[in-house]
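Chemist: Below is a structure I'd like to ask you about.
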Amino acid sequence: MVTWETLRRDPRMPLNGWRWFTRRLRRLLPTGLYARSLLIIIIPMVILQAVVVALFMERHWQMVTQRLSSAVTRDIAAIIQIIETYPQDADYNQITRIARDQLNLQISIEPDGELPPPRAKPFFSILDGILSDEIKDQIKRPFWIDTVGDSSLVEIRIKLPDKILRVLARRSQTYASNTHIFIVWMMVTSLVLIGLSILFLRGQIRPILRLAQAAESFGKGQRADGYHPRGADEVRRAGLAFILMRERIERQIEQRTAMLTGVSHDLRTILTRFKLQLALAGDNPDLQGMSEDVDDMQSMLEAYMAFAKNEIEEDVGEVRLREVFEKIAQDFSLHGKTFSYTMEGDEEVAVRPNAFTRLVHNLASNARRYASQLQIEAKHGVRWLTITFDDDGPGIPEKNREDVFKPFFRLDEARNLDDSGTGLGLAIARDIARSHGGDVTLGDSPLGGLRAIIRVPA
Ligand SMILES: Nc1ncnc2c1ncn2[C@@H]1O[C@H](COP(=O)(O)OP(=O)(O)OP(=O)(O)O)[C@@H](O)[C@H]1O
Ligand SMILES: [Mg+2]
């Protein structure tokens, strides 16, 4: 069967750059539909916001800060002009009051001295640079500023010819400090939007998950009657198609079973009559072979009828693997053959009990018939139940490994081993395994005989 996987692994496929890229991408990205849809929503949103913040905000922030700093600097320049032009009272009371009441600046005049050494420029602040530039441009005197720290004030000292003017301005006067509110708002709204999309996405994805579950359990041979198509049109359509397909398959199986059961039943009646006539004909050695053939036919029909009876409408239940294996152990010791088994994981499996027991028994009885020793290894993992049968018999040649699964196909005619079988055992086994969504495969056993592996979803 050609699948995407096999195509992808095929070394003949040219692996160009684009394919390499998409392959890497696929490996990095989440695989679930839910996570993927969320990414489809979130990534553009984040990119959009980043661009908006980077371009618009940066410019806006810078410009507003520039305007504000420029205004404060202009006020300070005016104060300096007034101090230097008009005579002042001793404590500079008037100008201090005007600055405080009208310009919102706290000023004080200090005696002459040196300005403190310049502070280290903060790396992340645009205020320091802009304010320094403005003072340099408009006032053109030595100055010292302190914009660092998260106090709500910015300090500016300017050296005048015989004194130092010290100004404390509110940070918000010089700096577009409420810009971050915009960002916070943007983040909060996007979080709310993402939350909403998660809710809606859930509603969209749930019907797909339901459909997948229904298909899976149908594949395992369980009846999933509670499924109804829901959700978006496309999903509904897929769901409806699934239901129709399921009905078609069920009808086909039913028809097949009913027809074969009918035929077997009718044939059995005729065979019984046949046997009776043979018995009435007496102990004629010529009829001996005929009588054996009739017996063979009868056992074939019985085997088939028994299988068909199980097939019809069996529901899923719990099977304890250990119990099944113990029965095999009894059977083997009755026939004087060796049997051992190992178990890993939960011993309870959810399968159709009669069918599944028959599956295991068919494989075990083959080993009992054709070999003298059987080892079973059962592994019940999270997703799969694997049961490996290893025997030390003659095995089956590679070329016959598909044929033996065909109904009534037997190798014994050639081998002359045992002629009690009908050749239905493996066909039935595979049928049961497949109806559970699994399969039976054959291989070589380390014991020298046949290795048969049952693999069904658990
Ligand atoms: N463990 C085994 N070792 C060797 N050959 C095997 C083994 N299992 C099956 N075979 C071969 O495969 C053939 C088909 O097996 P299958 O179980 O379908 O039929 P059967 O055992 O002959 O009859 P039935 O199981 O219906 O009584 C057998 O006739 C036998 O030749
Ligand atoms: Mg068999």
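For the structure tokens, the naming scheme is as follows: chains receive sequential letters (A, B, ...) according to their order of presentation, residues are indexed from 1 within each chain, and ligands are indexed from 1 in presentation order.
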Determine, counting only C-alpha atoms, which protein, DNA and RNA residues have an atom within 12 Å of an atom of stretch 100-103 of chain A; residues of the same chain fewer than 6 positions away are not included. Present the result as a CSV table (one decimal) with N, CA and C atoms, in the first residue's frame.
Modeler:
```
chain,number,residue,atom,x,y,z
A,71,ALA,N,8.8,72.0,26.1
A,71,ALA,CA,8.0,73.0,26.8
A,71,ALA,C,8.6,73.3,28.2
A,72,VAL,N,9.0,72.3,28.9
A,72,VAL,CA,9.6,72.5,30.2
A,72,VAL,C,10.9,73.3,30.0
A,73,THR,N,11.7,73.0,29.0
A,73,THR,CA,13.0,73.7,28.9
A,73,THR,C,12.7,75.2,28.5
A,74,ARG,N,11.6,75.4,27.8
A,74,ARG,CA,11.3,76.8,27.4
A,74,ARG,C,10.9,77.6,28.7
A,75,ASP,N,10.2,76.9,29.6
A,75,ASP,CA,9.8,77.6,30.8
A,75,ASP,C,11.1,77.9,31.6
A,76,ILE,N,12.0,76.9,31.7
A,76,ILE,CA,13.2,77.2,32.5
A,76,ILE,C,14.0,78.3,31.9
A,77,ALA,N,14.1,78.4,30.5
A,77,ALA,CA,14.8,79.4,29.9
A,77,ALA,C,14.2,80.8,30.2
A,78,ALA,N,12.9,80.8,30.3
A,78,ALA,CA,12.2,82.1,30.6
A,78,ALA,C,12.5,82.5,32.0
A,79,ILE,N,12.5,81.5,33.0
A,79,ILE,CA,12.9,81.8,34.4
A,79,ILE,C,14.3,82.4,34.4
A,93,ASN,N,11.8,85.1,46.3
A,93,ASN,CA,10.5,84.6,46.7
A,93,ASN,C,9.5,84.7,45.5
A,94,GLN,N,9.5,85.8,44.8
A,94,GLN,CA,8.5,86.1,43.8
A,94,GLN,C,8.7,85.1,42.6
A,167,VAL,N,16.0,73.0,39.5
A,167,VAL,CA,14.6,72.9,39.1
A,167,VAL,C,14.2,71.4,39.4
A,168,LEU,N,13.0,71.3,40.0
A,168,LEU,CA,12.4,70.0,40.1
A,168,LEU,C,11.1,70.0,39.3
A,169,ALA,N,11.1,69.2,38.2
A,169,ALA,CA,9.9,69.1,37.4
A,169,ALA,C,9.2,67.8,37.6
A,170,ARG,N,7.9,67.7,37.5
A,170,ARG,CA,7.3,66.4,37.6
A,170,ARG,C,7.6,65.6,36.3
A,173,GLN,N,5.5,65.9,33.4
A,173,GLN,CA,5.6,67.1,32.6
A,173,GLN,C,6.5,67.0,31.4
```
Chemist: Within 12 Å of A:Phe325, counting only C-alpha atoms, which residues qualify if same-chain residues fewer than 4 places away don't, as a list of chain:residue names?
Modeler: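 Selected residues are A:Val319, A:Arg320, A:Leu321, A:Ala329, A:Gln330, A:Asp331, A:Phe332, A:Phe339, A:Ser340, A:Tyr341, A:Thr342, A:Met343, A:Glu347, A:Thr357, A:Arg358, A:Val360, A:His361, A:Leu363, A:Ala364, A:Ser365, A:Leu374, A:Gln375, A:Ile376, A:Glu377, A:Ala378, A:Ile387, A:Phe389.
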Chemist: Looking at only C-alpha atoms, which of A:Leu38, A:Ile183, A:Ala306, A:Ile126 is the one that sits closest to A:Ala54?
Modeler: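 Between A:Leu38, A:Ile183, A:Ala306, A:Ile126, the residue approaching A:Ala54 most closely is A:Ile183.
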Chemist: With the cut-off set at 10 Å and counting only C-alpha atoms and all ligand atoms, tabulate each residue of chain A with an atom at most that distance from an atom of ligand 2, showing the nearest atom pair and its distance in Å to one decimal, ordered by chain and increasing number, as a Markdown table.
Modeler:
```
| residue | atom | partner | partner_atom_place_in_ligand_line | distance |
| --- | --- | --- | --- | --- |
| A:His361 | CA | ligand 2 | 1 (Mg) | 9.0 |
| A:Asn362 | CA | ligand 2 | 1 (Mg) | 5.6 |
| A:Leu363 | CA | ligand 2 | 1 (Mg) | 6.6 |
| A:Ala364 | CA | ligand 2 | 1 (Mg) | 8.3 |
| A:Ser365 | CA | ligand 2 | 1 (Mg) | 6.1 |
| A:Asn366 | CA | ligand 2 | 1 (Mg) | 4.4 |
| A:Ala367 | CA | ligand 2 | 1 (Mg) | 8.2 |
| A:Arg368 | CA | ligand 2 | 1 (Mg) | 9.2 |
| A:Arg369 | CA | ligand 2 | 1 (Mg) | 7.8 |
| A:Tyr370 | CA | ligand 2 | 1 (Mg) | 9.0 |
| A:Val404 | CA | ligand 2 | 1 (Mg) | 9.6 |
| A:Arg410 | CA | ligand 2 | 1 (Mg) | 8.9 |
| A:Ser420 | CA | ligand 2 | 1 (Mg) | 9.5 |
| A:Gly421 | CA | ligand 2 | 1 (Mg) | 6.3 |
| A:Thr422 | CA | ligand 2 | 1 (Mg) | 7.5 |
| A:Gly423 | CA | ligand 2 | 1 (Mg) | 6.2 |
| A:Leu424 | CA | ligand 2 | 1 (Mg) | 6.7 |
| A:Gly425 | CA | ligand 2 | 1 (Mg) | 4.1 |
| A:Leu426 | CA | ligand 2 | 1 (Mg) | 6.0 |
| A:Ala427 | CA | ligand 2 | 1 (Mg) | 9.0 |
| A:Ile428 | CA | ligand 2 | 1 (Mg) | 9.3 |
| A:Ala429 | CA | ligand 2 | 1 (Mg) | 9.1 |
```
Chemist: Would you put the residues from that selection into a file with N, CA and C atoms, as a compact mmCIF listing (two decimals), in the first residue's frame?
Modeler:
```txt
# COMPACT_ATOMS: atom_id res chain seq x y z
N HIS A 361 -7.17 -19.05 20.37
CA HIS A 361 -7.20 -20.51 20.37
C HIS A 361 -6.81 -21.08 19.02
N ASN A 362 -7.23 -20.44 17.95
CA ASN A 362 -6.88 -20.95 16.62
C ASN A 362 -5.38 -20.99 16.43
N LEU A 363 -4.71 -19.90 16.84
CA LEU A 363 -3.26 -19.87 16.67
C LEU A 363 -2.59 -20.89 17.58
N ALA A 364 -3.09 -20.97 18.83
CA ALA A 364 -2.50 -21.92 19.78
C ALA A 364 -2.72 -23.35 19.30
N SER A 365 -3.91 -23.64 18.75
CA SER A 365 -4.18 -25.02 18.36
C SER A 365 -3.35 -25.41 17.15
N ASN A 366 -3.02 -24.44 16.29
CA ASN A 366 -2.10 -24.74 15.20
C ASN A 366 -0.75 -25.17 15.75
N ALA A 367 -0.26 -24.42 16.73
CA ALA A 367 1.03 -24.76 17.32
C ALA A 367 0.95 -26.13 17.98
N ARG A 368 -0.18 -26.41 18.64
CA ARG A 368 -0.31 -27.70 19.31
C ARG A 368 -0.30 -28.83 18.28
N ARG A 369 -0.92 -28.54 17.15
CA ARG A 369 -1.03 -29.59 16.16
C ARG A 369 0.28 -29.79 15.40
N TYR A 370 0.95 -28.69 15.06
CA TYR A 370 2.10 -28.82 14.16
C TYR A 370 3.45 -28.76 14.87
N VAL A 404 -1.83 -19.35 3.35
CA VAL A 404 -2.44 -20.09 4.46
C VAL A 404 -3.60 -19.33 5.10
N ARG A 410 -4.57 -25.61 2.93
CA ARG A 410 -3.77 -26.36 3.91
C ARG A 410 -2.47 -26.81 3.27
N SER A 420 -6.76 -33.77 10.04
CA SER A 420 -8.03 -33.50 10.73
C SER A 420 -8.47 -32.05 10.56
N GLY A 421 -7.55 -31.18 10.10
CA GLY A 421 -7.91 -29.75 10.02
C GLY A 421 -8.75 -29.45 8.80
N THR A 422 -9.38 -28.30 8.80
CA THR A 422 -10.20 -27.92 7.66
C THR A 422 -9.56 -26.81 6.84
N GLY A 423 -8.58 -26.12 7.43
CA GLY A 423 -7.94 -25.03 6.71
C GLY A 423 -8.65 -23.70 6.88
N LEU A 424 -9.54 -23.64 7.88
CA LEU A 424 -10.25 -22.38 8.12
C LEU A 424 -9.63 -21.57 9.26
N GLY A 425 -8.81 -22.25 10.08
CA GLY A 425 -8.31 -21.65 11.33
C GLY A 425 -7.68 -20.28 11.14
N LEU A 426 -6.71 -20.18 10.24
CA LEU A 426 -6.01 -18.90 10.07
C LEU A 426 -6.89 -17.86 9.39
N ALA A 427 -7.73 -18.32 8.45
CA ALA A 427 -8.64 -17.38 7.78
C ALA A 427 -9.55 -16.72 8.82
N ILE A 428 -10.07 -17.53 9.70
CA ILE A 428 -10.95 -16.99 10.75
C ILE A 428 -10.16 -16.08 11.68
N ALA A 429 -8.96 -16.52 12.02
CA ALA A 429 -8.13 -15.72 12.94
C ALA A 429 -7.89 -14.32 12.36
```
Chemist: Using only C-alpha atoms and all ligand atoms, which residue out of A:Ala371, A:Val294, A:Val440, A:Leu240 lies closest to ligand 1?
Modeler: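 For ligand 1, the nearest of the candidates is A:Ala371.
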Chemist: Which residue is closest to A:His228? Choose from A:Arg210, A:Glu216, A:Asp346, A:Met300 and count only C-alpha atoms.
Modeler: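 Among A:Arg210, A:Glu216, A:Asp346, A:Met300, it is A:Arg210 that comes nearest to A:His228.
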Chemist: Expressed in Å to a single decimal, how great is the separation between atom CA of A:Leu447 and atom CA of A:Gly336?
Modeler: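 Separation of atom CA of A:Leu447 and atom CA of A:Gly336: 18.3 Å.
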Chemist: Near A:Ser132, within 9 Å and counting only C-alpha atoms, which residues show up once chain neighbours fewer than 3 positions away are dropped, as a PyMOL selection string?
Modeler: chain A and resi 127-129+135-137+143-145
Chemist: Please return as JSON, numbers by chain: the residues of stretch 141-216 of chain A that backbone DSSP assigns to strand (DSSP E or B).
Modeler: {"A": [143, 144, 145, 146, 153, 154, 155, 156, 157, 158, 159, 163, 164, 165, 166, 167, 168, 169, 170]}
Chemist: List the neighbours of A:Ser108 out to 8 Å using only C-alpha atoms; skip same-chain residues closer than 4 positions along the sequence, and give me the result as a PyMOL selection string.
Modeler: chain A and resi 96+165-167
Chemist: Considering only C-alpha atoms, can you say which of A:Leu276, A:Ile82, A:Leu33, A:Ile95 comes closest to A:Arg206?
Modeler: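 Distance minimum relative to A:Arg206 lands on A:Leu33.
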Chemist: Rank nothing, just name the residue among A:Pro446, A:Gly395, A:Gly437, A:Pro111 nearest to ligand 1, using only C-alpha atoms and all ligand atoms.
Modeler: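 Comparing A:Pro446, A:Gly395, A:Gly437, A:Pro111 against ligand 1, the winner is A:Gly395.
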Chemist: Any idea what the distance is between atom CA of A:Val64 and atom CA of A:Ile130?
Modeler: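 About the pair atom CA of A:Val64 and atom CA of A:Ile130: they are 10.7 Å apart.
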